[in-house]
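Report on one structure; see the data block that follows.
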Amino acid sequence: MLKAKRDLINAVVILIFCGFAYYGSSLITDRNLGKTEADLFPNIVIGILTLLSLCLLVNSIYRMKQEDDSKLNFSLKMVLRENKKVILTFVLFGLYVFLLSYIGYFVSSILFMISLYFVLANNKQKLWAVFLGFTVFTTVLYFVFQNALSVFLPTGVLF
Amino acid sequence: MEDILLSFETILNFQTISILLIGVVAGIIVGSIPGFTITMGVALTLPFSFSMDPINGIALMMGVQVGGSSGGLITASLLGIPGTPSAMATTFDGYPMVKNGEPGKALAIGLWSSFIGSIISGIILIFMAPILAEWALEFGPWEMFALMLFGISAIASLSEGSLIKGLISGILGIMFALVGSGPLMGIPRFTFGFSELLAGFNFLPVLIGLFAFSQLMNDIKNPPKPLNIDKNTDVTYPFVKVIKDMWKSAGNVIRSGLIGTFVGILPAAGGSIANILSYDVAKKFSKNPSKFGKGTKDGVIAAESANNSSVGGALVPMMAFGIPGDAVTAMMLGALIIHGIQPGPLLMENQPILANGVFISFFLAAFLMLAVQSFGIKIFLKINKIPFHYLVPIVLLLCVLGSFAVNNRIFDVWVLLLFGLIGYWMKVNKFPLPPFILGIILGPMVESNLRQAISLEPNLLVFFTRPISAVLIILAMLSMAYGIYSNNKSKKQIV
């Protein structure tokens, strides 16, 4: 029942995406050259995706009707609790990417790795060793990418 | 002959062999860590391969793939947990063998089976790929379109999860591939005013986000069991005994190698299907089927020979048609495109040294894998003890640097995050990833072939009147029918 309900939500999400994509395809400038315009293939793809999403929607409704429709024990609080570490990781990652261009690769990377360690580790031990290890690793990667691979990493206001 | 000799000269130098060796070592490590997949390992090597010349880049990825396919054997045997999905069947007899007090035998036989399986598929690859590539040169846009349609539908029907979800995944991939400038006049499509999107989404952050980032998030939610092996466990086994055991089961080794190769040739049907199918066949052909599941060497041989030979098999459609046989070869194709090399049937004709280099590096990787795992098994066991909460930040940092390295812009790191989110959403909701990646890679080619076909002949019935195109479309429909059949079968089994 939960899987069917989940698929119903997924189908709706994809249909909304199709609507958004269709709006995007309407913005494509129409230059009629030859037999195929720039929006021909996108519209074919959007059409097929919409059809498949409708199939998923119908299938999930059918499965929901077939299966036991006893009340689901579902709450947003439960979902957030179960996915706490994943959500925190995504948020930390987003912050890290945002800060990369402001405070540079070194500082932001070390901060990110340490904060992630705090999120993931159940038993936090020898924090100084963890900090040192991540700092050394960040430095090694800096030299590998800058000197060996000639990739110039973001610098921020500090260095 | 001259091209082959030139290819040998290109590959057999200290730099390329070192890179291949690094790849094999990295692959074995990644393959042996539960929670890490070979696809993730190859995705992480992409940024490094980007700054190398194409042959070295391919060699690195080949090393990771070959090493990873055999690395899964370590945890599959010692812990009963497959390090990679392609080592699932190895656990059926490898783990009981260890519990029976024969860990060294399980690892040694598994390793040699992996090696011989790789050699068998390598030989088939060398002969089949050029023949198929020459045949594919006769293809027009109708045949290429139909071939890609077959590839996407096959991958959708053979991937885990329902057929509808597999097809949605493939079509979503094509959808994202359309972002950027249109093929003929360069008209912006789905850019919504972002100039960074005019060139579309770069492959690298997309691949890393989908396979590495999302896998890590999945592992954070469902942490893998840590490896705890008694340090006194003897993992050695005499060389002479290995050869004797392999010789007695020569038929099984060769049969499993062939099964793995031909399964690998089918899009999306990689090591995970090959090892289980081969195990099943070995059990049916065995004189003592009751011994399977209790620690018989034939079970380990069947699984490991097949999962490594599927790697070579997956290279056949990649080299012959420019269509990936699995997610890893999809990434290799992406790497070739990033290097400005157009994969397809003309690759073997226009770039014979590169094409032969792929074959040679595959063979060399097999030999290196055998040597490294034979002598380095104890070191790999130690590396596996590194706690997960140290590995995740390290791998995520590599993902960021890899994505940034492509164009030196933060935008690509945001793309990594976006596709990490998409990949995680797909994993949680059981949408398979391989069709998505195939859609992204093949999307532009599908469009260009369809356009060419319609421009040459607007009548769409031509797709059904040209024999090869018609056969491929029928195969696409059959693969979808098979997908529906296997979905219904598995639902009935659950009930």
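Please note that chains go A, B, ... in the order of the structure tokens, that every chain numbers its residues from 1, and that ligands are numbered from 1 in the order shown.
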Sorted by chain and rising residue number, which residues of chain B lie within 7 Å of chain A, and what are their closest atom pairs and distances in Å to one decimal, counting only C-alpha atoms, as CSV?
```
residue,atom,partner,partner_atom,distance
B:Ser51,CA,A:Leu149,CA,6.1
B:Ile164,CA,A:Leu52,CA,6.5
B:Ile168,CA,A:Leu49,CA,6.3
B:Ile171,CA,A:Leu49,CA,6.3
B:Met175,CA,A:Val45,CA,6.7
B:Gly182,CA,A:Ala38,CA,6.0
B:Ile187,CA,A:Thr29,CA,6.9
B:Pro188,CA,A:Ile28,CA,6.8
B:Arg189,CA,A:Ile28,CA,5.8
B:Phe190,CA,A:Gly24,CA,5.3
B:Met217,CA,A:Val86,CA,5.9
B:Ile220,CA,A:Val86,CA,6.3
B:Lys221,CA,A:Val86,CA,6.3
B:His389,CA,A:Ala121,CA,5.5
B:Tyr390,CA,A:Tyr117,CA,6.9
B:Pro393,CA,A:Met113,CA,5.2
B:Ala405,CA,A:Val151,CA,5.8
B:Val413,CA,A:Val97,CA,6.9
B:Glu447,CA,A:Phe41,CA,6.5
B:Arg451,CA,A:Thr36,CA,6.5
B:Ser455,CA,A:Lys35,CA,6.2
```
DSSP-assigned helix (DSSP H, G or I) members of stretch 64-146 of chain A, reported as a VMD selection string: chain A and resid 64 to 66 76 to 82 84 to 120 127 to 146
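For the pair atom CA of B:Gly271 and atom CA of B:Gly312, the interatomic distance is 10.4 Å.
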At a cut-off of 12 Å, using only C-alpha atoms, what residues contact B:Ser113? Leave out same-chain residues fewer than 3 positions from it and give the result as a PyMOL selection string. chain B and resi 69-70+73+90+105-110+116-120+242-243+245-247+249-257+260+275+297-309+366+369-370
